[in-house]
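Participant: The structure follows.
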Amino acid sequence: MNKYIRIKEERNSIIKILENLTFDEKKQVLRKVDQSMINSANKVLANDNPPGELLTKLPTKFRSEVQAKAVQLGRTLFVRVEVDELFKRKRKDNIRVIK
């Protein structure tokens with residue numbers, strides 16, 4: 001019997017971070033975060049001799065709790081950074097120069 005683990009607390013923390021965004025903004029942030037995590041994982045996998053299969057999406061189920069926590073914590077950090085960048089871009093677009 002295979003036991004799969006999902007970290008519910010970490011997933012809920014990501015939901016809390018994204019709760020004040022619109023659906024399109026959430027989709028944009030999550031797409032960017034997931035793609036950056038996949039790219040970085042593929043760079044690590046490319047260093048193997050011989051190279052392994054490249055990832056196309058992040059796994060949702062994990063066999064060890066350590067792997068699940070590591071991926072979800074990394075995702076949480078990336079989400080926080082991307083949300084901050086999104087707010088910076090929105091503020092920059094809203095600031096108008098008055099002459």
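Just remember, in the structure tokens the first chain shown is A, the second B, etc., residues are 1-based per chain, and ligands are 1-based in the order shown.
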Within 9 Å of Asp34 in chain A, counting only C-alpha atoms, which residues qualify if same-chain residues fewer than 6 places away don't, as number ranges by chain?

Facilitator: A: 57-58, 75, 78

Participant: Please produce a file of those selected residues containing N, CA and C atoms, as a PDB file, in the first residue's frame.

Facilitator:
ATOM      1  N   LYS A  57       5.208  19.338 -14.678  1.00  0.00           N
ATOM      2  CA  LYS A  57       4.345  19.938 -13.664  1.00  0.00           C
ATOM      3  C   LYS A  57       4.798  19.471 -12.291  1.00  0.00           C
ATOM      4  N   LEU A  58       4.388  20.196 -11.264  1.00  0.00           N
ATOM      5  CA  LEU A  58       4.754  19.833  -9.900  1.00  0.00           C
ATOM      6  C   LEU A  58       3.872  18.701  -9.402  1.00  0.00           C
ATOM      7  N   ARG A  75       7.253  26.763  -2.379  1.00  0.00           N
ATOM      8  CA  ARG A  75       6.158  27.375  -3.140  1.00  0.00           C
ATOM      9  C   ARG A  75       5.582  28.577  -2.386  1.00  0.00           C
ATOM     10  N   PHE A  78       7.998  31.528  -2.779  1.00  0.00           N
ATOM     11  CA  PHE A  78       7.895  32.099  -4.125  1.00  0.00           C
ATOM     12  C   PHE A  78       6.594  32.870  -4.311  1.00  0.00           C
TER      13      PHE A  78
END

Participant: Give me, as a ChimeraX atom specification, the residues of range 19-63 of chain A that a backbone DSSP run labels helix (DSSP H, G or I).

Facilitator: /A:23-46

Participant: When you count only C-alpha atoms, which of these residues is closest to Leu86 in chain A: A:Leu30, A:Leu73, A:Leu55, A:Leu45?

Facilitator: A:Leu30

Participant: When you look at range 38-44 of chain A with a cut-off of 12 Å (counting only C-alpha atoms), what residues show up, excluding the ones that are within fewer than 4 positions of it in the same chain? I need them as an MDAnalysis selection string.

Facilitator: chainID A and resid 31:34 48:49 51:59 71 74:75

Participant: Would you mind reading off the distance between CA of Asn47 in chain A and CA of Val66 in chain A, one decimal, in Å?

Facilitator: 22.4 Å

Participant: Residues near Ile17 in chain A, anyone? I mean within 10 Å using only C-alpha atoms, not counting same-chain ones fewer than 3 positions away, as a list in words.

Facilitator: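 In the requested form, the answer reads Asn12, Ser13, Ile14, Asn20, Leu21, Lys26, Thr76, Val79, Arg80 and Val83 of chain A.
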